[in-house]
$ cat upload_21.cif   # mmCIF, C-alpha atoms
data_my_file
loop_
_atom_site.label_atom_id
_atom_site.label_comp_id
_atom_site.auth_asym_id
_atom_site.auth_seq_id
_atom_site.Cartn_x
_atom_site.Cartn_y
_atom_site.Cartn_z
CA MET V 1 23.89 39.59 -12.15
CA VAL V 2 21.23 40.13 -9.49
CA ASP V 3 22.41 41.98 -6.40
CA LEU V 4 22.25 39.76 -3.29
CA SER V 5 21.00 42.65 -1.18
CA THR V 6 18.00 43.00 -3.53
CA ILE V 7 17.19 39.31 -3.16
CA ASP V 8 17.58 39.66 0.61
CA LEU V 9 15.15 42.60 0.67
CA ILE V 10 12.57 40.82 -1.49
CA LEU V 11 12.83 37.70 0.67
CA ALA V 12 12.41 39.71 3.89
CA ILE V 13 9.32 41.49 2.51
CA THR V 14 7.87 38.15 1.36
CA VAL V 15 8.36 36.63 4.82
CA ILE V 16 6.72 39.65 6.52
CA VAL V 17 3.73 39.64 4.15
CA ALA V 18 3.31 35.85 4.42
CA SER V 19 3.46 36.07 8.23
CA LEU V 20 0.79 38.79 8.27
CA PHE V 21 -1.47 36.72 6.01
CA TYR V 22 -0.95 33.73 8.32
CA LEU V 23 -1.64 35.76 11.49
CA LYS V 24 -4.71 37.37 9.89
CA LYS V 25 -6.72 34.22 10.69
CA PHE V 26 -6.07 34.52 14.43
CA PRO V 27 -7.09 37.01 17.16
CA VAL V 28 -3.48 37.97 17.84
CA PHE V 29 -3.44 39.67 14.43
CA ARG V 30 -5.63 42.49 15.78
CA VAL V 31 -3.11 43.10 18.56
CA VAL V 32 -0.26 43.23 16.03
CA VAL V 33 -2.25 45.75 13.97
CA GLY V 34 -2.87 47.78 17.13
CA ILE V 35 0.87 47.87 17.92
CA PHE V 36 1.59 48.95 14.36
CA ILE V 37 -0.97 51.79 14.63
CA LEU V 38 0.61 52.94 17.90
CA PHE V 39 4.04 52.95 16.27
CA ILE V 40 2.77 54.95 13.27
CA CYS V 41 1.17 57.49 15.64
CA SER V 42 4.48 57.77 17.47
CA VAL V 43 6.33 58.47 14.20
CA ILE V 44 3.74 61.04 13.13
CA PHE V 45 3.84 62.94 16.44
CA LEU V 46 7.64 62.90 16.56
CA SER V 47 7.81 64.19 12.96
CA ILE V 48 5.72 67.25 13.94
CA HIS V 49 7.83 67.71 17.09
CA PHE V 50 5.20 66.55 19.57
CA VAL V 51 8.00 64.81 21.41
CA PHE V 52 6.28 63.78 24.64
CA THR V 53 3.12 62.55 22.88
CA GLY V 54 5.25 60.67 20.37
CA LEU V 55 7.26 59.06 23.17
CA ILE V 56 4.08 57.92 24.93
CA PHE V 57 2.85 56.16 21.79
CA GLY V 58 6.31 54.75 21.10
CA ILE V 59 6.80 53.41 24.63
CA ALA V 60 3.28 51.90 24.61
CA SER V 61 3.91 50.11 21.31
CA VAL V 62 7.29 48.75 22.49
CA PHE V 63 5.87 47.68 25.88
CA ILE V 64 2.95 45.81 24.27
CA ALA V 65 5.23 44.22 21.67
CA PHE V 66 7.54 42.86 24.37
CA SER V 67 4.51 41.67 26.39
CA LEU V 68 3.10 39.62 23.51
CA PRO V 69 4.99 36.40 24.37
CA LEU V 70 3.56 36.52 27.90
CA ILE V 71 0.03 37.57 26.98
CA PHE V 72 -0.39 35.12 24.12
CA ALA V 73 1.89 32.29 25.25
CA PRO V 74 -0.77 29.50 24.79
CA GLU V 75 -1.87 30.94 21.43
CA ILE V 76 1.71 31.27 20.20
CA ARG V 77 2.37 27.63 21.07
CA HIS V 78 -0.82 26.69 19.22
CA TYR V 79 0.14 28.69 16.12
CA LEU V 80 3.68 27.29 16.08
CA ASP V 81 2.25 23.79 16.45
CA LYS V 82 -0.05 24.37 13.45
CA LEU V 83 2.86 25.78 11.48
CA GLY V 84 5.00 22.80 12.48
CA ARG V 85 2.49 20.40 10.99
CA VAL V 86 3.47 21.79 7.57
CA HIS V 87 0.13 21.26 5.87
CA TRP V 88 1.61 23.08 2.90
CA LEU V 89 3.88 20.13 2.19
CA ILE V 90 2.56 17.44 -0.13
CA ILE V 91 2.34 14.41 2.14
CA PRO V 92 1.26 11.21 0.39
CA LYS V 93 -2.00 9.81 1.75
CA LEU V 94 -3.18 6.25 1.86
CA SER V 95 -5.37 5.23 -1.05
CA LYS V 96 -8.90 4.04 -0.27
CA LYS V 97 -7.83 0.48 -1.03
CA GLN V 98 -4.90 0.70 1.40
CA ALA V 99 -7.07 2.33 4.10
CA ASP V 100 -9.76 -0.36 3.66
CA HIS V 101 -7.12 -3.10 3.91
CA ILE V 102 -5.78 -1.67 7.19
CA PHE V 103 -9.32 -1.26 8.56
CA ILE V 104 -10.27 -4.84 7.66
CA ARG V 105 -7.08 -6.22 9.19
CA ASN V 106 -7.70 -4.32 12.46
CA LEU V 107 -11.36 -5.36 12.53
CA VAL V 108 -10.65 -9.03 11.90
CA ASP V 109 -7.83 -9.08 14.47
CA GLY V 110 -10.24 -7.65 17.05
CA VAL V 111 -13.00 -10.09 16.12
CA TYR V 112 -10.79 -13.15 16.49
CA GLU V 113 -9.31 -11.86 19.75
CA MET V 114 -12.87 -11.74 21.11
CA ALA V 115 -13.66 -15.16 19.61
CA GLU V 116 -10.69 -16.69 21.44
CA LYS V 117 -12.04 -15.25 24.70
CA LYS V 118 -15.59 -16.32 23.78
CA ILE V 119 -16.92 -12.76 23.99
CA GLY V 120 -20.23 -12.67 22.11
CA ALA V 121 -20.67 -9.81 19.67
CA LEU V 122 -22.71 -8.49 16.76
CA ILE V 123 -20.97 -6.03 14.44
CA VAL V 124 -22.80 -4.41 11.52
CA LEU V 125 -20.85 -2.80 8.68
CA GLN V 126 -22.71 -0.17 6.67
CA ARG V 127 -22.22 -0.21 2.90
CA ARG V 128 -24.37 1.71 0.40
CA THR V 129 -27.66 1.45 2.34
CA LYS V 130 -27.70 4.01 5.14
CA LEU V 131 -28.37 2.58 8.59
CA GLY V 132 -29.57 5.79 10.24
CA ASN V 133 -32.65 4.17 11.80
CA LEU V 134 -30.55 1.41 13.34
CA ILE V 135 -27.89 3.86 14.57
CA GLU V 136 -30.55 5.98 16.29
CA THR V 137 -31.64 3.02 18.44
CA GLY V 138 -28.22 2.82 20.10
CA ILE V 139 -25.80 5.01 22.00
CA LYS V 140 -23.65 7.30 19.85
CA ILE V 141 -19.92 6.72 20.21
CA ASP V 142 -18.06 7.94 17.09
CA ALA V 143 -14.67 6.37 17.83
CA CYS V 144 -11.83 4.93 15.78
CA LEU V 145 -11.99 1.19 15.38
CA GLY V 146 -9.71 -0.77 17.67
CA SER V 147 -9.67 -4.27 19.15
CA LYS V 148 -9.53 -2.92 22.71
CA ILE V 149 -12.56 -0.67 22.32
CA LEU V 150 -14.53 -3.53 20.73
CA GLN V 151 -13.66 -5.81 23.63
CA THR V 152 -14.60 -3.08 26.11
CA ILE V 153 -18.00 -2.60 24.45
CA PHE V 154 -18.84 -6.32 24.27
CA TYR V 155 -17.38 -7.34 27.61
CA PRO V 156 -20.19 -9.22 29.44
CA ASN V 157 -20.36 -6.74 32.32
CA SER V 158 -20.33 -3.69 30.05
CA PRO V 159 -23.59 -1.69 29.86
CA LEU V 160 -23.13 -1.59 26.07
CA HIS V 161 -22.59 -5.31 25.41
CA ASP V 162 -26.20 -6.07 24.45
CA GLY V 163 -27.20 -5.22 20.91
CA ALA V 164 -25.08 -4.40 17.87
CA VAL V 165 -22.17 -2.10 17.12
CA VAL V 166 -22.54 -0.20 13.84
CA ILE V 167 -19.41 0.73 11.89
CA VAL V 168 -19.53 3.39 9.17
CA GLU V 169 -16.49 4.23 7.03
CA GLY V 170 -14.11 2.64 9.48
CA ARG V 171 -15.51 4.30 12.62
CA ILE V 172 -17.65 2.90 15.41
CA VAL V 173 -20.62 5.27 15.30
CA SER V 174 -23.03 3.59 17.70
CA ALA V 175 -23.29 0.71 20.17
CA LYS V 176 -26.12 -1.18 21.87
CA CYS V 177 -28.19 -0.83 18.70
CA ILE V 178 -31.42 -2.78 18.52
CA VAL V 179 -31.66 -4.82 15.31
CA GLN V 180 -35.21 -5.63 14.24
CA VAL V 181 -35.46 -9.43 13.91
CA LEU V 182 -37.56 -10.43 10.91
CA PRO V 183 -40.32 -12.99 11.64
CA GLU V 184 -39.26 -15.15 8.70
CA VAL V 185 -35.73 -15.54 10.06
CA LYS V 186 -35.96 -18.72 12.10
CA LEU V 187 -32.85 -20.61 13.15
CA ASP V 188 -32.48 -23.89 14.96
CA PRO V 189 -30.29 -24.25 18.06
CA PRO V 190 -27.47 -23.63 18.79
CA PHE V 191 -28.10 -20.33 16.95
CA GLY V 192 -29.87 -17.70 19.03
CA LEU V 193 -31.11 -14.13 18.91
CA ARG V 194 -27.72 -12.62 18.02
CA HIS V 195 -27.45 -14.75 14.87
CA ARG V 196 -31.10 -14.05 13.92
CA ALA V 197 -30.48 -10.31 14.28
CA GLY V 198 -27.24 -10.48 12.29
CA LEU V 199 -28.98 -12.31 9.47
CA SER V 200 -32.08 -10.06 9.52
CA ILE V 201 -30.15 -6.82 8.94
CA THR V 202 -28.55 -8.31 5.82
CA LYS V 203 -31.97 -9.23 4.39
CA ASP V 204 -33.33 -5.69 4.81
CA THR V 205 -30.15 -3.86 3.67
CA ASP V 206 -26.85 -4.51 1.89
CA ALA V 207 -25.01 -4.36 5.22
CA VAL V 208 -22.54 -7.01 6.28
CA SER V 209 -22.65 -8.41 9.81
CA LEU V 210 -20.15 -10.34 11.89
CA ILE V 211 -21.46 -12.55 14.70
CA ILE V 212 -19.29 -14.06 17.43
CA SER V 213 -20.75 -16.95 19.40
CA GLU V 214 -19.98 -16.75 23.10
CA GLN V 215 -20.73 -20.47 23.56
CA ARG V 216 -18.54 -21.83 20.76
CA GLY V 217 -16.16 -18.95 20.05
CA GLU V 218 -17.00 -19.16 16.33
CA VAL V 219 -17.14 -16.26 13.89
CA THR V 220 -19.99 -16.07 11.38
CA LEU V 221 -20.25 -13.75 8.39
CA ALA V 222 -23.74 -12.74 7.24
CA GLU V 223 -24.36 -11.06 3.89
CA ASN V 224 -27.35 -10.87 1.54
CA GLY V 225 -29.44 -13.01 3.88
CA LYS V 226 -26.92 -15.85 3.95
CA PHE V 227 -24.55 -17.24 6.57
CA ASP V 228 -20.91 -18.21 6.23
CA LEU V 229 -20.53 -20.24 9.40
CA ASP V 230 -17.35 -20.73 11.42
CA ILE V 231 -15.37 -18.72 8.89
CA LYS V 232 -11.60 -18.73 9.25
CA LYS V 233 -9.52 -15.60 9.65
CA ALA V 234 -7.79 -15.55 6.26
CA GLU V 235 -11.05 -16.32 4.44
CA LEU V 236 -12.88 -13.55 6.32
CA ILE V 237 -10.21 -11.01 5.34
CA ASP V 238 -10.52 -12.00 1.68
CA LYS V 239 -14.33 -11.84 1.70
CA LEU V 240 -14.45 -8.45 3.48
CA ASN V 241 -11.97 -7.02 0.99
CA ILE V 242 -14.36 -8.04 -1.80
CA LEU V 243 -17.62 -7.04 -0.07
CA LEU V 244 -16.47 -3.63 1.19
CA ALA V 245 -14.99 -2.72 -2.19
CA LYS V 246 -18.45 -2.93 -3.80
#
$ encode --input "upload_21.cif" --output "structure tokens"
Amino acid sequence: MVDLSTIDLILAITVIVASLFYLKKFPVFRVVVGIFILFICSVIFLSIHFVFTGLIFGIASVFIAFSLPLIFAPEIRHYLDKLGRVHWLIIPKLSKKQADHIFIRNLVDGVYEMAEKKIGALIVLQRRTKLGNLIETGIKIDACLGSKILQTIFYPNSPLHDGAVVIVEGRIVSAKCIVQVLPEVKLDPPFGLRHRAGLSITKDTDAVSLIISEQRGEVTLAENGKFDLDIKKAELIDKLNILLAK
């Protein structure tokens, strides 16, 4: 039978070694090493009967050790916070399909909220074809998708409302992007520049665009140079699930 005191000792050593390996990544580790060196010096001097010198090193090491919580209070909170996130636990993550479904639901909810308020918008979703040239024409944002941020961008008095928003992998990467309208894309009224731009980008690339009419409050899906006019919410969700899975 294994002695409990042996297990206790092994566990204590494991905790100390693991803590040192964890602290090694942070600046406070050098201070801990310095305290340890001071303590060793104190032991060495006391062992050769240099009592006063040994006491100086010993008192210095104890004083610094007790001062650590005050000196490194913000860092200690940061380290404990990182430790509390328990990255070492296996936490199940959303699959790509689940993440895409949540993204599409949030996007469509935001689009139809704007449609109800008749807020005009042009949203371009990147797929396989990179849209770097288009992104560069706008103002970089790099923000999580949300209905409120979309409404803020496209609000008529917003400085960003003109042009297109580009979304890449579920994030709004740029706003006020200038879409090159192709000469061959000609549309009769009531469709205007926003619809021509939304259709043009899908002829040049495999991107998908969503256009909201501020006059009629209708949502249009453009893909592969074709329009799906006045598309309903449930149908748009189904189509985006298919298109963005490709």
$ residues_around --input "upload_21.cif" --residues "Ile153 (chain V)" --least-positions-apart "5" --cutoff "12 Å" --atoms "all atoms listed in the file" --output "list in words"
Gly110, Met114, Ile119, Gly120, Ala121, Leu122, Ile123, Ile139, Ile141, Ala143, Leu145, Gly146, Ser147, Lys148, Ser158, Pro159, Leu160, His161, Asp162, Gly163, Ala164, Val165, Val166, Ile172, Ser174, Ala175, Lys176 and Cys177 of chain V
$ closest_residue --input "upload_21.cif" --among "V:Val31, V:Leu229, V:Val124, V:Ile37" --to "Val173 (chain V)" --atoms "all atoms listed in the file"
V:Val124
$ residues_around --input "upload_21.cif" --residues "Val179 (chain V)" --least-positions-apart "3" --cutoff "9 Å" --atoms "only C-alpha atoms" --output "list in words"
Leu134, Thr137, Gly163, Ala164, Ala197, Gly198, Ser200 and Ile201 of chain V
$ resolve_selection --input "upload_21.cif" --expression "the PyMOL selection byres ((chain V and resi 216) around 10)" --output "JSON, numbers by chain"
{"V": [115, 116, 118, 119, 120, 190, 212, 213, 214, 215, 217, 218, 219, 230]}
$ atom_distance --input "upload_21.cif" --atom1 "CA of Val32 (chain V)" --atom2 "CA of Leu55 (chain V)"
18.9 Å
$ atom_distance --input "upload_21.cif" --atom1 "CA of Gly138 (chain V)" --atom2 "CA of Leu107 (chain V)"
20.2 Å
$ residues_around --input "upload_21.cif" --residues "His101 (chain V)" --least-positions-apart "6" --cutoff "10 Å" --atoms "only C-alpha atoms" --output "number ranges by chain"
V: 95, 107, 237-238, 240-241, 244-245
$ resolve_selection --input "upload_21.cif" --expression "the PyMOL selection byres ((chain V and resi 221) around 9)" --output "ChimeraX atom specification"
/V:198-199,208-211,219-220,222-223,226-231,236
$ resolve_selection --input "upload_21.cif" --expression "the PyMOL selection byres ((chain V and resi 128) around 9)" --output "list in words"
Gln126, Arg127, Thr129, Lys130, Thr205, Asp206, Ala207 and Lys246 of chain V
$ atom_distance --input "upload_21.cif" --atom1 "CA of Gly58 (chain V)" --atom2 "CA of Ala12 (chain V)"
23.7 Å
$ closest_residue --input "upload_21.cif" --among "V:Ile178, V:Ser42, V:Asn157, V:Leu4" --to "Leu193 (chain V)" --atoms "all atoms listed in the file"
V:Ile178
$ decode --input "upload_21.cif" --residues "region 168-210 of chain V" --atoms "N, CA and C atoms" --output "short mmCIF file (atom, residue, chain, number, x, y, z; two decimals), in the first residue's frame"
data_model
loop_
_atom_site.label_atom_id
_atom_site.label_comp_id
_atom_site.auth_asym_id
_atom_site.auth_seq_id
_atom_site.Cartn_x
_atom_site.Cartn_y
_atom_site.Cartn_z
N VAL V 168 -16.60 39.17 -43.96
CA VAL V 168 -15.71 38.05 -44.23
C VAL V 168 -15.69 37.14 -43.00
N GLU V 169 -16.05 35.88 -43.20
CA GLU V 169 -16.05 34.88 -42.13
C GLU V 169 -16.79 35.38 -40.89
N GLY V 170 -17.93 35.96 -41.12
CA GLY V 170 -18.79 36.35 -40.02
C GLY V 170 -18.46 37.67 -39.36
N ARG V 171 -17.47 38.41 -39.88
CA ARG V 171 -17.08 39.68 -39.29
C ARG V 171 -17.23 40.81 -40.31
N ILE V 172 -17.66 41.96 -39.83
CA ILE V 172 -17.72 43.15 -40.68
C ILE V 172 -16.30 43.70 -40.77
N VAL V 173 -15.70 43.60 -41.94
CA VAL V 173 -14.30 44.01 -42.07
C VAL V 173 -14.15 45.43 -42.61
N SER V 174 -15.15 45.91 -43.34
CA SER V 174 -15.02 47.23 -43.95
C SER V 174 -16.40 47.78 -44.29
N ALA V 175 -16.51 49.12 -44.23
CA ALA V 175 -17.77 49.79 -44.58
C ALA V 175 -17.47 50.93 -45.55
N LYS V 176 -18.52 51.45 -46.15
CA LYS V 176 -18.41 52.53 -47.13
C LYS V 176 -17.52 52.12 -48.31
N CYS V 177 -17.61 50.85 -48.69
CA CYS V 177 -16.81 50.35 -49.81
C CYS V 177 -17.46 50.72 -51.14
N ILE V 178 -16.62 51.06 -52.09
CA ILE V 178 -17.11 51.50 -53.40
C ILE V 178 -17.10 50.31 -54.35
N VAL V 179 -18.29 49.86 -54.73
CA VAL V 179 -18.42 48.74 -55.66
C VAL V 179 -18.42 49.26 -57.08
N GLN V 180 -17.54 48.70 -57.90
CA GLN V 180 -17.46 49.11 -59.31
C GLN V 180 -18.69 48.59 -60.05
N VAL V 181 -19.49 49.51 -60.60
CA VAL V 181 -20.69 49.12 -61.34
C VAL V 181 -20.30 48.80 -62.78
N LEU V 182 -20.64 47.60 -63.22
CA LEU V 182 -20.30 47.19 -64.58
C LEU V 182 -21.21 47.88 -65.59
N PRO V 183 -20.64 48.33 -66.72
CA PRO V 183 -21.46 49.04 -67.73
C PRO V 183 -22.61 48.21 -68.26
N GLU V 184 -22.42 46.89 -68.33
CA GLU V 184 -23.48 46.04 -68.90
C GLU V 184 -24.65 45.81 -67.94
N VAL V 185 -24.46 46.20 -66.67
CA VAL V 185 -25.55 46.01 -65.70
C VAL V 185 -26.47 47.23 -65.77
N LYS V 186 -27.56 47.07 -66.45
CA LYS V 186 -28.52 48.17 -66.60
C LYS V 186 -29.86 47.69 -66.05
N LEU V 187 -30.43 48.46 -65.16
CA LEU V 187 -31.70 48.10 -64.53
C LEU V 187 -32.71 49.22 -64.71
N ASP V 188 -33.92 48.84 -64.94
CA ASP V 188 -35.00 49.83 -65.07
C ASP V 188 -35.49 50.24 -63.69
N PRO V 189 -36.04 51.48 -63.58
CA PRO V 189 -36.66 51.90 -62.33
C PRO V 189 -37.72 50.88 -61.91
N PRO V 190 -37.90 50.66 -60.60
CA PRO V 190 -37.43 51.50 -59.49
C PRO V 190 -36.06 51.12 -58.96
N PHE V 191 -35.30 50.25 -59.66
CA PHE V 191 -34.00 49.84 -59.17
C PHE V 191 -32.96 50.89 -59.51
N GLY V 192 -32.11 51.21 -58.50
CA GLY V 192 -31.13 52.27 -58.68
C GLY V 192 -29.70 51.77 -58.56
N LEU V 193 -28.83 52.68 -58.17
CA LEU V 193 -27.39 52.40 -58.12
C LEU V 193 -27.05 51.28 -57.14
N ARG V 194 -27.73 51.25 -56.00
CA ARG V 194 -27.43 50.23 -54.99
C ARG V 194 -27.67 48.83 -55.55
N HIS V 195 -28.77 48.65 -56.28
CA HIS V 195 -29.07 47.34 -56.86
C HIS V 195 -28.08 47.00 -57.99
N ARG V 196 -27.71 48.01 -58.78
CA ARG V 196 -26.72 47.77 -59.86
C ARG V 196 -25.38 47.35 -59.28
N ALA V 197 -24.98 48.01 -58.18
CA ALA V 197 -23.70 47.66 -57.54
C ALA V 197 -23.77 46.26 -56.94
N GLY V 198 -24.90 45.94 -56.28
CA GLY V 198 -25.05 44.62 -55.68
C GLY V 198 -25.02 43.50 -56.70
N LEU V 199 -25.58 43.76 -57.87
CA LEU V 199 -25.57 42.76 -58.94
C LEU V 199 -24.20 42.67 -59.60
N SER V 200 -23.51 43.80 -59.76
CA SER V 200 -22.21 43.84 -60.43
C SER V 200 -21.17 43.00 -59.69
N ILE V 201 -21.13 43.10 -58.36
CA ILE V 201 -20.10 42.39 -57.60
C ILE V 201 -20.28 40.88 -57.71
N THR V 202 -21.52 40.43 -57.96
CA THR V 202 -21.76 38.99 -58.09
C THR V 202 -21.46 38.48 -59.49
N LYS V 203 -21.33 39.39 -60.46
CA LYS V 203 -20.91 38.99 -61.80
C LYS V 203 -19.39 38.84 -61.88
N ASP V 204 -18.67 39.69 -61.15
CA ASP V 204 -17.20 39.68 -61.16
C ASP V 204 -16.63 38.62 -60.24
N THR V 205 -17.34 38.26 -59.16
CA THR V 205 -16.84 37.33 -58.15
C THR V 205 -17.94 36.34 -57.78
N ASP V 206 -17.62 35.42 -56.86
CA ASP V 206 -18.65 34.49 -56.38
C ASP V 206 -19.30 35.00 -55.10
N ALA V 207 -19.12 36.29 -54.81
CA ALA V 207 -19.72 36.88 -53.61
C ALA V 207 -21.24 36.87 -53.70
N VAL V 208 -21.85 36.97 -52.53
CA VAL V 208 -23.30 37.10 -52.42
C VAL V 208 -23.59 38.49 -51.86
N SER V 209 -24.58 39.16 -52.40
CA SER V 209 -24.92 40.49 -51.88
C SER V 209 -26.39 40.55 -51.49
N LEU V 210 -26.64 41.35 -50.44
CA LEU V 210 -27.99 41.60 -49.96
C LEU V 210 -28.27 43.08 -50.12
#
